[in-house]
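Next up, final_3.pdb (PDB, C-alpha atoms):
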```pdb
MODEL        1
ATOM      1  CA  GLY A   1      12.069 -71.269  22.477
ATOM      2  CA  TYR A   2      13.826 -73.124  25.276
ATOM      3  CA  ILE A   3      17.111 -73.717  23.452
ATOM      4  CA  GLU A   4      17.601 -70.138  22.289
ATOM      5  CA  ASN A   5      16.649 -68.737  25.666
ATOM      6  CA  ARG A   6      18.955 -71.088  27.575
ATOM      7  CA  LEU A   7      21.986 -70.310  25.428
ATOM      8  CA  ILE A   8      21.420 -66.569  25.673
ATOM      9  CA  GLU A   9      21.122 -66.949  29.453
ATOM     10  CA  ILE A  10      24.496 -68.696  29.511
ATOM     11  CA  PHE A  11      26.105 -65.943  27.438
ATOM     12  CA  ALA A  12      24.604 -63.266  29.703
ATOM     13  CA  GLN A  13      25.811 -65.124  32.779
ATOM     14  CA  ASN A  14      29.343 -65.336  31.371
ATOM     15  CA  ILE A  15      29.329 -61.595  30.676
ATOM     16  CA  LYS A  16      28.307 -60.813  34.256
ATOM     17  CA  LEU A  17      30.917 -63.207  35.609
ATOM     18  CA  LYS A  18      33.626 -61.600  33.480
ATOM     19  CA  ILE A  19      32.609 -58.152  34.692
ATOM     20  CA  ASN A  20      32.786 -59.228  38.327
ATOM     21  CA  GLN A  21      36.256 -60.663  37.776
ATOM     22  CA  ASN A  22      37.704 -57.833  35.740
ATOM     23  CA  LEU A  23      36.172 -54.441  36.400
ATOM     24  CA  VAL A  24      38.037 -51.469  34.983
ATOM     25  CA  TYR A  25      36.450 -49.123  37.504
ATOM     26  CA  SER A  26      35.371 -50.899  40.670
ATOM     27  CA  MET A  27      31.579 -51.150  40.918
ATOM     28  CA  GLU A  28      31.041 -48.188  38.602
ATOM     29  CA  LYS A  29      28.203 -48.281  36.090
ATOM     30  CA  PRO A  30      27.553 -48.365  33.244
ATOM     31  CA  TYR A  31      29.544 -51.476  32.397
ATOM     32  CA  LEU A  32      30.977 -51.203  28.902
ATOM     33  CA  ILE A  33      30.797 -54.193  26.574
ATOM     34  CA  LEU A  34      32.518 -54.328  23.201
ATOM     35  CA  ILE A  35      31.037 -56.434  20.381
ATOM     36  CA  PHE A  36      33.456 -57.145  17.544
ATOM     37  CA  SER A  37      34.472 -59.603  14.840
ATOM     38  CA  THR A  38      37.385 -60.055  12.510
ATOM     39  CA  LYS A  39      35.177 -60.613   9.450
ATOM     40  CA  HIS A  40      31.917 -59.215   8.089
ATOM     41  CA  GLU A  41      28.497 -60.858   8.392
ATOM     42  CA  VAL A  42      29.015 -63.121  11.367
ATOM     43  CA  GLY A  43      25.770 -62.121  13.131
ATOM     44  CA  LYS A  44      27.062 -59.506  15.609
ATOM     45  CA  THR A  45      23.919 -57.382  15.494
ATOM     46  CA  PHE A  46      21.558 -60.361  15.673
ATOM     47  CA  ILE A  47      23.358 -61.849  18.680
ATOM     48  CA  THR A  48      23.702 -58.504  20.462
ATOM     49  CA  LYS A  49      20.001 -57.756  20.158
ATOM     50  CA  LYS A  50      19.265 -61.113  21.786
ATOM     51  CA  LEU A  51      21.662 -60.306  24.609
ATOM     52  CA  ILE A  52      20.334 -56.826  25.307
ATOM     53  CA  ASN A  53      16.778 -58.153  25.325
ATOM     54  CA  LYS A  54      17.847 -60.734  27.893
ATOM     55  CA  PHE A  55      19.532 -58.115  30.091
ATOM     56  CA  ALA A  56      16.442 -55.920  29.792
ATOM     57  CA  SER A  57      14.296 -58.863  30.948
ATOM     58  CA  TYR A  58      16.408 -58.896  34.133
ATOM     59  CA  GLY A  59      15.400 -55.296  34.767
ATOM     60  CA  GLU A  60      18.739 -53.856  33.621
ATOM     61  CA  LYS A  61      18.919 -50.531  31.760
ATOM     62  CA  VAL A  62      20.782 -51.215  28.538
ATOM     63  CA  LEU A  63      22.025 -48.975  25.710
ATOM     64  CA  TYR A  64      23.110 -50.440  22.364
ATOM     65  CA  LEU A  65      25.427 -48.317  20.205
ATOM     66  CA  ASN A  66      25.725 -49.635  16.661
ATOM     67  CA  TYR A  67      27.774 -48.122  13.875
ATOM     68  CA  SER A  68      26.669 -46.583  10.609
ATOM     69  CA  TYR A  69      28.322 -45.051   7.566
ATOM     70  CA  ASP A  70      25.130 -43.179   6.698
ATOM     71  CA  ASN A  71      23.388 -40.149   8.150
ATOM     72  CA  ILE A  72      22.871 -41.065  11.805
ATOM     73  CA  ASN A  73      20.290 -38.329  12.382
ATOM     74  CA  ASN A  74      17.855 -40.020  10.025
ATOM     75  CA  GLN A  75      18.562 -43.474  11.414
ATOM     76  CA  ASN A  76      18.187 -42.473  15.048
ATOM     77  CA  ASP A  77      14.732 -41.135  14.298
ATOM     78  CA  GLU A  78      13.736 -44.731  13.558
ATOM     79  CA  VAL A  79      15.065 -46.350  16.739
ATOM     80  CA  ASN A  80      14.416 -45.877  20.446
ATOM     81  CA  ASP A  81      16.494 -44.493  23.300
ATOM     82  CA  ASN A  82      18.043 -47.921  23.913
ATOM     83  CA  TYR A  83      19.302 -48.499  20.357
ATOM     84  CA  VAL A  84      21.309 -45.679  18.856
ATOM     85  CA  PHE A  85      23.614 -45.343  15.844
ATOM     86  CA  TYR A  86      26.954 -43.586  15.855
ATOM     87  CA  ASN A  87      28.650 -42.421  12.701
ATOM     88  CA  ILE A  88      31.977 -43.784  11.428
ATOM     89  CA  ARG A  89      33.846 -40.583  10.664
ATOM     90  CA  ASN A  90      37.321 -40.013   9.263
ATOM     91  CA  ASN A  91      38.706 -39.543  12.765
ATOM     92  CA  PHE A  92      37.118 -42.729  14.151
ATOM     93  CA  SER A  93      40.484 -44.293  15.028
ATOM     94  CA  GLU A  94      41.448 -41.189  17.051
ATOM     95  CA  ILE A  95      38.382 -41.168  19.325
ATOM     96  CA  LYS A  96      39.316 -41.390  23.003
ATOM     97  CA  ASP A  97      35.966 -41.388  24.852
ATOM     98  CA  PHE A  98      32.219 -41.725  24.368
ATOM     99  CA  ASN A  99      31.661 -37.982  24.237
ATOM    100  CA  GLU A 100      33.546 -37.976  20.945
ATOM    101  CA  LEU A 101      31.782 -41.102  19.691
ATOM    102  CA  ILE A 102      28.172 -40.015  19.988
ATOM    103  CA  ASN A 103      25.947 -37.133  20.998
ATOM    104  CA  THR A 104      25.886 -37.232  24.789
ATOM    105  CA  LYS A 105      22.124 -36.756  24.939
ATOM    106  CA  TYR A 106      21.774 -40.475  24.158
ATOM    107  CA  LEU A 107      23.964 -41.494  27.076
ATOM    108  CA  ARG A 108      21.811 -39.915  29.769
ATOM    109  CA  GLN A 109      18.221 -39.791  28.588
ATOM    110  CA  HIS A 110      16.014 -38.363  31.373
ATOM    111  CA  ASN A 111      19.086 -38.385  33.675
ATOM    112  CA  THR A 112      18.838 -42.154  33.919
ATOM    113  CA  GLU A 113      22.111 -44.035  34.184
ATOM    114  CA  TYR A 114      22.438 -47.195  32.142
ATOM    115  CA  ASP A 115      23.632 -50.423  33.721
ATOM    116  CA  TYR A 116      25.220 -51.706  30.509
ATOM    117  CA  ILE A 117      26.335 -50.116  27.257
ATOM    118  CA  PHE A 118      26.965 -52.484  24.347
ATOM    119  CA  VAL A 119      29.097 -51.009  21.557
ATOM    120  CA  GLU A 120      29.452 -52.747  18.204
ATOM    121  CA  ILE A 121      32.363 -51.888  15.917
ATOM    122  CA  PRO A 122      33.066 -52.863  12.286
ATOM    123  CA  ALA A 123      35.074 -55.976  11.358
ATOM    124  CA  ILE A 124      38.592 -55.300  12.641
ATOM    125  CA  ILE A 125      40.451 -56.829   9.686
ATOM    126  CA  TYR A 126      38.951 -54.316   7.282
ATOM    127  CA  HIS A 127      38.508 -51.231   9.473
ATOM    128  CA  THR A 128      40.511 -49.193  11.937
ATOM    129  CA  TYR A 129      39.106 -48.631  15.410
ATOM    130  CA  PRO A 130      39.770 -46.245  18.337
ATOM    131  CA  LEU A 131      42.651 -47.771  20.278
ATOM    132  CA  GLU A 132      42.270 -45.498  23.302
ATOM    133  CA  LEU A 133      38.556 -46.203  23.583
ATOM    134  CA  MET A 134      39.227 -49.959  23.604
ATOM    135  CA  LYS A 135      40.907 -49.572  26.996
ATOM    136  CA  SER A 136      37.616 -48.421  28.525
ATOM    137  CA  PHE A 137      35.690 -51.650  27.998
ATOM    138  CA  ASP A 138      35.054 -54.014  30.886
ATOM    139  CA  VAL A 139      34.271 -56.975  28.619
ATOM    140  CA  SER A 140      34.826 -57.705  24.939
ATOM    141  CA  ILE A 141      32.870 -60.267  22.914
ATOM    142  CA  LEU A 142      34.287 -61.796  19.756
ATOM    143  CA  CYS A 143      31.659 -63.128  17.338
ATOM    144  CA  VAL A 144      32.933 -65.859  15.027
ATOM    145  CA  GLN A 145      31.083 -67.809  12.365
ATOM    146  CA  ALA A 146      31.854 -71.508  12.712
ATOM    147  CA  SER A 147      32.191 -72.034   8.961
ATOM    148  CA  HIS A 148      34.840 -69.337   8.559
ATOM    149  CA  ARG A 149      38.455 -70.424   8.262
ATOM    150  CA  TRP A 150      40.680 -68.806  10.897
ATOM    151  CA  GLN A 151      43.513 -67.259   8.908
ATOM    152  CA  LYS A 152      46.694 -65.330   9.647
ATOM    153  CA  ALA A 153      44.911 -62.015   9.127
ATOM    154  CA  ASP A 154      42.358 -62.949  11.830
ATOM    155  CA  ILE A 155      45.125 -63.858  14.287
ATOM    156  CA  MET A 156      47.077 -60.672  13.659
ATOM    157  CA  ALA A 157      43.980 -58.465  13.969
ATOM    158  CA  LEU A 158      42.945 -60.150  17.213
ATOM    159  CA  ASP A 159      46.470 -59.924  18.677
ATOM    160  CA  THR A 160      46.535 -56.186  17.942
ATOM    161  CA  LEU A 161      43.204 -55.625  19.680
ATOM    162  CA  LYS A 162      44.267 -57.698  22.683
ATOM    163  CA  GLU A 163      47.269 -55.419  23.178
ATOM    164  CA  VAL A 164      44.947 -52.527  24.020
ATOM    165  CA  SER A 165      42.231 -54.576  25.763
ATOM    166  CA  ASN A 166      42.005 -55.364  29.440
ATOM    167  CA  ASP A 167      41.397 -59.088  29.071
ATOM    168  CA  ASP A 168      40.849 -61.882  26.555
ATOM    169  CA  PRO A 169      37.440 -61.723  24.843
ATOM    170  CA  ILE A 170      34.470 -63.987  25.378
ATOM    171  CA  VAL A 171      33.990 -65.930  22.142
ATOM    172  CA  ILE A 172      30.535 -66.591  20.707
ATOM    173  CA  LEU A 173      30.625 -69.175  17.919
ATOM    174  CA  ASN A 174      27.804 -68.574  15.462
ATOM    175  CA  LYS A 175      26.208 -71.257  13.251
ATOM    176  CA  THR A 176      27.763 -74.015  15.316
ATOM    177  CA  GLU A 177      27.260 -77.674  14.390
ATOM    178  CA  LEU A 178      24.475 -79.166  16.471
ATOM    179  CA  PHE A 179      26.571 -81.766  18.284
ATOM    180  CA  VAL A 180      28.752 -79.005  19.759
ATOM    181  CA  LEU A 181      25.744 -77.777  21.724
ATOM    182  CA  GLU A 182      24.963 -81.213  23.185
ATOM    183  CA  THR A 183      26.229 -80.497  26.698
ATOM    184  CA  ILE A 184      24.152 -77.329  26.975
ATOM    185  CA  ILE A 185      20.858 -79.147  26.559
ATOM    186  CA  ASN A 186      21.401 -82.226  28.736
ATOM    187  CA  GLY A 187      18.281 -81.333  30.686
ATOM    188  CA  ILE A 188      16.056 -82.310  27.773
ATOM    189  CA  PRO A 189      14.888 -85.977  28.067
ATOM    190  CA  SER A 190      16.673 -88.398  25.724
ATOM    191  CA  ARG A 191      13.403 -89.709  24.298
ATOM    192  CA  LYS A 192      13.014 -86.317  22.653
ATOM    193  CA  LYS A 193      16.392 -86.506  20.944
ATOM    194  CA  GLN A 194      15.127 -85.936  17.422
ATOM    195  CA  ASN A 195      12.966 -83.008  18.455
ATOM    196  CA  ARG A 196      15.907 -81.631  20.395
ATOM    197  CA  TYR A 197      18.061 -81.278  17.291
ATOM    198  CA  LYS A 198      15.216 -79.758  15.337
ATOM    199  CA  ARG A 199      14.689 -77.157  18.052
ATOM    200  CA  ILE A 200      18.374 -76.230  18.181
ATOM    201  CA  LYS A 201      18.474 -75.864  14.429
ATOM    202  CA  LYS A 202      15.356 -73.733  14.439
ATOM    203  CA  TYR A 203      16.191 -71.454  17.325
ATOM    204  CA  PHE A 204      19.910 -71.038  17.779
ATOM    205  CA  SER A 205      22.070 -72.479  15.040
ATOM    206  CA  PHE A 206      21.358 -69.156  13.259
ATOM    207  CA  SER A 207      20.201 -70.604   9.967
ATOM    208  CA  LYS A 208      21.773 -69.160   6.847
ATOM    209  CA  SER A 209      18.310 -68.188   5.697
ATOM    210  CA  LYS A 210      18.342 -65.439   8.365
ATOM    211  CA  LYS A 211      19.948 -62.179   7.372
ATOM    212  CA  ASN A 212      22.378 -61.206  10.090
ATOM    213  CA  ASN A 213      23.726 -58.040   8.518
ATOM    214  CA  VAL A 214      26.577 -56.284  10.293
TER     215      VAL A 214
ENDMDL
END
```
Could you rewrite the structure in this file as C-alpha coordinates?
Amino acid sequence: GYIENRLIEIFAQNIKLKINQNLVYSMEKPYLILIFSTKHEVGKTFITKKLINKFASYGEKVLYLNYSYDNINNQNDEVNDNYVFYNIRNNFSEIKDFNELINTKYLRQHNTEYDYIFVEIPAIIYHTYPLELMKSFDVSILCVQASHRWQKADIMALDTLKEVSNDDPIVILNKTELFVLETIINGIPSRKKQNRYKRIKKYFSFSKSKKNNV
(Lines of atoms letter the chains of each structure in order from A and count residues from 1; the text may use other names and numbers.)
(Lines give C-alpha, C1' and ligand atoms only; values in the text may rest on other atoms or scores of the structure.)
Protein backbone atom coordinates (compact mmCIF):
# COMPACT_ATOMS: atom_id res chain seq x y z
CA GLY A 1 0.00 0.00 0.00
CA TYR A 2 1.00 3.62 -0.53
CA ILE A 3 1.17 4.60 3.14
CA GLU A 4 3.32 1.67 4.26
CA ASN A 5 5.63 2.03 1.29
CA ARG A 6 6.07 5.78 1.77
CA LEU A 7 6.92 5.50 5.45
CA ILE A 8 9.43 2.72 4.84
CA GLU A 9 11.01 4.86 2.11
CA ILE A 10 11.40 7.70 4.61
CA PHE A 11 13.01 5.40 7.17
CA ALA A 12 15.39 4.01 4.53
CA GLN A 13 16.27 7.52 3.40
CA ASN A 14 17.05 8.56 6.98
CA ILE A 15 19.32 5.54 7.41
CA LYS A 16 21.27 6.41 4.26
CA LEU A 17 21.53 10.04 5.33
CA LYS A 18 22.82 9.03 8.76
CA ILE A 19 25.41 6.76 7.18
CA ASN A 20 26.65 9.54 4.90
CA GLN A 21 26.99 11.87 7.87
CA ASN A 22 28.60 9.46 10.29
CA LEU A 23 30.62 6.70 8.68
CA VAL A 24 32.86 4.71 11.00
CA TYR A 25 35.09 3.65 8.13
CA SER A 26 34.99 6.09 5.23
CA MET A 27 33.15 4.63 2.23
CA GLU A 28 33.77 1.05 3.35
CA LYS A 29 31.04 -1.54 2.89
CA PRO A 30 29.17 -3.29 4.30
CA TYR A 31 27.47 -0.61 6.37
CA LEU A 32 26.50 -1.99 9.76
CA ILE A 33 23.08 -1.20 11.18
CA LEU A 34 22.02 -2.09 14.71
CA ILE A 35 18.35 -2.79 15.49
CA PHE A 36 17.49 -2.66 19.18
CA SER A 37 14.82 -1.89 21.75
CA THR A 38 14.65 -1.45 25.48
CA LYS A 39 11.60 -3.71 25.86
CA HIS A 40 10.32 -6.94 24.32
CA GLU A 41 7.71 -7.20 21.57
CA VAL A 42 7.92 -3.78 20.00
CA GLY A 43 8.02 -5.06 16.39
CA LYS A 44 11.78 -5.00 15.70
CA THR A 45 11.73 -8.02 13.41
CA PHE A 46 8.61 -6.92 11.55
CA ILE A 47 9.99 -3.43 10.91
CA THR A 48 13.46 -4.69 9.96
CA LYS A 49 12.07 -7.11 7.39
CA LYS A 50 10.21 -4.21 5.78
CA LEU A 51 13.40 -2.16 5.69
CA ILE A 52 15.60 -4.88 4.22
CA ASN A 53 12.99 -5.58 1.55
CA LYS A 54 13.03 -1.89 0.66
CA PHE A 55 16.83 -1.80 0.45
CA ALA A 56 16.76 -4.95 -1.68
CA SER A 57 14.28 -3.25 -4.03
CA TYR A 58 16.93 -0.55 -4.57
CA GLY A 59 19.33 -3.23 -5.76
CA GLU A 60 21.32 -3.31 -2.51
CA LYS A 61 22.77 -6.56 -1.16
CA VAL A 62 21.48 -6.92 2.37
CA LEU A 63 22.16 -9.43 5.17
CA TYR A 64 19.87 -9.67 8.21
CA LEU A 65 21.33 -11.24 11.36
CA ASN A 66 18.68 -12.05 13.94
CA TYR A 67 19.25 -13.65 17.32
CA SER A 68 18.09 -16.98 18.65
CA TYR A 69 18.35 -18.91 21.89
CA ASP A 70 17.70 -22.19 20.07
CA ASN A 71 19.78 -24.37 17.79
CA ILE A 72 20.82 -22.02 14.98
CA ASN A 73 21.83 -24.86 12.65
CA ASN A 74 18.25 -26.04 12.40
CA GLN A 75 16.87 -22.53 12.03
CA ASN A 76 19.32 -21.49 9.33
CA ASP A 77 18.23 -24.44 7.24
CA GLU A 78 14.83 -22.75 7.01
CA VAL A 79 15.99 -19.30 5.90
CA ASN A 80 17.97 -17.96 2.95
CA ASP A 81 21.44 -16.46 2.60
CA ASN A 82 20.07 -12.99 3.37
CA TYR A 83 18.38 -13.88 6.68
CA VAL A 84 20.54 -15.74 9.16
CA PHE A 85 20.28 -16.50 12.88
CA TYR A 86 23.10 -16.19 15.36
CA ASN A 87 23.07 -17.90 18.72
CA ILE A 88 23.01 -16.06 22.06
CA ARG A 89 25.75 -17.86 23.94
CA ASN A 90 27.06 -17.39 27.47
CA ASN A 91 29.89 -15.22 26.18
CA PHE A 92 27.62 -12.97 24.09
CA SER A 93 28.57 -9.83 26.03
CA GLU A 94 32.28 -10.50 25.39
CA ILE A 95 32.05 -10.74 21.59
CA LYS A 96 34.27 -8.19 19.85
CA ASP A 97 33.66 -8.77 16.12
CA PHE A 98 31.39 -10.53 13.64
CA ASN A 99 33.70 -13.51 13.28
CA GLU A 100 32.86 -14.39 16.88
CA LEU A 101 29.16 -13.66 16.41
CA ILE A 102 28.38 -15.95 13.51
CA ASN A 103 29.89 -18.49 11.15
CA THR A 104 31.79 -16.44 8.59
CA LYS A 105 30.43 -18.45 5.68
CA TYR A 106 27.22 -16.39 5.96
CA LEU A 107 29.08 -13.10 5.66
CA ARG A 108 30.59 -13.79 2.26
CA GLN A 109 28.36 -16.18 0.35
CA HIS A 110 29.79 -16.74 -3.15
CA ASN A 111 32.44 -14.07 -2.38
CA THR A 112 29.79 -11.39 -2.71
CA GLU A 113 30.15 -8.39 -0.42
CA TYR A 114 27.00 -7.08 1.19
CA ASP A 115 26.11 -3.41 1.06
CA TYR A 116 24.27 -3.46 4.39
CA ILE A 117 24.20 -5.80 7.37
CA PHE A 118 21.30 -5.37 9.79
CA VAL A 119 21.88 -6.91 13.22
CA GLU A 120 19.05 -7.29 15.72
CA ILE A 121 19.83 -7.76 19.42
CA PRO A 122 17.56 -8.67 22.36
CA ALA A 123 15.83 -6.02 24.49
CA ILE A 124 18.64 -4.18 26.27
CA ILE A 125 16.89 -3.80 29.63
CA TYR A 126 16.69 -7.56 30.09
CA HIS A 127 19.81 -8.78 28.28
CA THR A 128 23.49 -7.99 28.14
CA TYR A 129 25.06 -7.19 24.78
CA PRO A 130 28.60 -7.02 23.31
CA LEU A 131 29.90 -3.57 24.19
CA GLU A 132 32.92 -3.75 21.88
CA LEU A 133 30.82 -4.83 18.92
CA MET A 134 28.49 -1.85 19.44
CA LYS A 135 31.35 0.46 18.44
CA SER A 136 31.41 -1.07 14.95
CA PHE A 137 27.94 0.04 13.88
CA ASP A 138 27.49 2.95 11.51
CA VAL A 139 23.83 3.48 12.44
CA SER A 140 21.64 2.30 15.30
CA ILE A 141 17.84 2.13 15.20
CA LEU A 142 15.77 2.19 18.37
CA CYS A 143 12.31 0.63 18.01
CA VAL A 144 9.77 1.93 20.52
CA GLN A 145 6.11 1.03 20.91
CA ALA A 146 4.05 4.19 21.28
CA SER A 147 1.86 2.73 24.02
CA HIS A 148 4.81 1.84 26.26
CA ARG A 149 5.59 4.14 29.16
CA TRP A 150 9.18 5.43 29.07
CA GLN A 151 10.56 4.59 32.50
CA LYS A 152 13.82 5.10 34.38
CA ALA A 153 15.04 1.65 33.37
CA ASP A 154 14.60 2.55 29.67
CA ILE A 155 16.56 5.79 30.11
CA MET A 156 19.40 4.11 31.97
CA ALA A 157 19.66 1.27 29.44
CA LEU A 158 19.69 3.71 26.52
CA ASP A 159 22.29 5.96 28.18
CA THR A 160 24.57 2.96 28.70
CA LEU A 161 24.31 1.93 25.05
CA LYS A 162 24.93 5.49 23.86
CA GLU A 163 28.22 5.54 25.77
CA VAL A 164 29.60 2.86 23.45
CA SER A 165 27.79 3.97 20.28
CA ASN A 166 29.06 6.37 17.67
CA ASP A 167 25.95 8.53 17.49
CA ASP A 168 22.39 8.92 18.76
CA PRO A 169 19.99 6.31 17.35
CA ILE A 170 17.27 6.81 14.78
CA VAL A 171 13.97 6.25 16.59
CA ILE A 172 11.11 4.34 14.96
CA LEU A 173 7.86 4.73 16.89
CA ASN A 174 5.65 1.69 16.41
CA LYS A 175 1.84 1.67 16.70
CA THR A 176 1.71 5.45 16.51
CA GLU A 177 -1.60 7.31 16.77
CA LEU A 178 -2.87 8.18 13.31
CA PHE A 179 -2.76 11.96 13.69
CA VAL A 180 1.00 11.80 14.33
CA LEU A 181 1.48 10.57 10.77
CA GLU A 182 -0.55 13.42 9.23
CA THR A 183 2.41 15.37 7.84
CA ILE A 184 3.81 12.30 6.09
CA ILE A 185 0.75 11.84 3.91
CA ASN A 186 -0.03 15.43 2.89
CA GLY A 187 0.16 14.38 -0.74
CA ILE A 188 -3.12 12.49 -0.47
CA PRO A 189 -6.11 14.69 -1.51
CA SER A 190 -8.21 16.00 1.39
CA ARG A 191 -11.43 14.64 -0.10
CA LYS A 192 -10.09 11.19 0.68
CA LYS A 193 -9.52 11.99 4.34
CA GLN A 194 -11.57 9.12 5.73
CA ASN A 195 -9.98 6.59 3.41
CA ARG A 196 -6.60 8.02 4.31
CA TYR A 197 -6.96 7.12 7.98
CA LYS A 198 -8.27 3.68 7.14
CA ARG A 199 -5.25 3.04 4.93
CA ILE A 200 -2.78 4.17 7.60
CA LYS A 201 -4.45 1.96 10.16
CA LYS A 202 -4.42 -0.99 7.81
CA TYR A 203 -0.89 -0.69 6.50
CA PHE A 204 1.40 0.99 8.98
CA SER A 205 -0.04 1.56 12.42
CA PHE A 206 1.03 -2.07 13.05
CA SER A 207 -2.27 -3.33 14.38
CA LYS A 208 -2.15 -5.28 17.62
CA SER A 209 -3.71 -8.19 15.79
CA LYS A 210 -0.35 -8.70 14.02
CA LYS A 211 2.19 -10.79 15.86
CA ASN A 212 5.46 -8.90 15.87
CA ASN A 213 7.50 -11.35 17.90
CA VAL A 214 11.03 -10.33 18.85
Exercise. At what distance in Å, to one decimal, does atom CA of Gly43 of chain A lie from atom CA of Glu28 of chain A?
Worked result: 29.5 Å
Problem set entry | Straight-line distance linking atom CA of His40 of chain A with atom CA of Ile172 of chain A, stated in Å to one decimal |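 Computing it gives 14.7 Å between the two atoms.
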Problem set entry | Exercise: segment 11-25 of chain A partners within 12 Å, all atoms listed in the file, chain neighbours under 5 positions left out, as a PyMOL selection string | chain A and resi 4-6+30-35+47-58+60+115-116+118+134-143+165-173+184
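Going from atom CA of Asn82 of chain A to atom CA of Tyr64 of chain A covers 5.9 Å.
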For this session: May I have the residues within 9 Å of Lys96 of chain A as a ChimeraX atom specification, using all atoms listed in the file and disregarding those fewer than 4 positions away in the same chain?
Result: /A:100-101,130-134
Kindly compute an axis-aligned box around the listed atoms of segment 160-176 of chain A, allowing 8 Å on each side, and express its centre and edge lengths in Å to one decimal as AutoDock Vina command-line options.
```
--center_x 36.7 --center_y -63.3 --center_z 21.3 --size_x 37.1 --size_y 37.5 --size_z 32.2
```
For this session: Give as a list in words the residues that the PyMOL selection byres ((chain A and resi 160) around 12) matches when applied to the coordinates above.
Result: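 When the PyMOL selection byres ((chain A and resi 160) around 12) is applied, the selected residues are Thr38, Ile124, Ile125, Thr128, Tyr129, Leu131, Met134, Ala153, Asp154, Ile155, Met156, Ala157, Leu158, Asp159, Leu161, Lys162, Glu163, Val164, Ser165 and Asp168 of chain A.
Proximity of A:Arg89, A:Lys61, A:Lys44, A:Lys39 to Asn174 of chain A, computed with all atoms listed in the file, is greatest for A:Lys44.
Selection around (30.1, -38.2, 14.1) with radius 9 Å, counting only C-alpha atoms, yields the residues Ile72, Tyr86, Asn87, Ile88, Arg89, Asn90, Asn91, Phe92, Glu100, Leu101, Ile102 and Asn103 of chain A.
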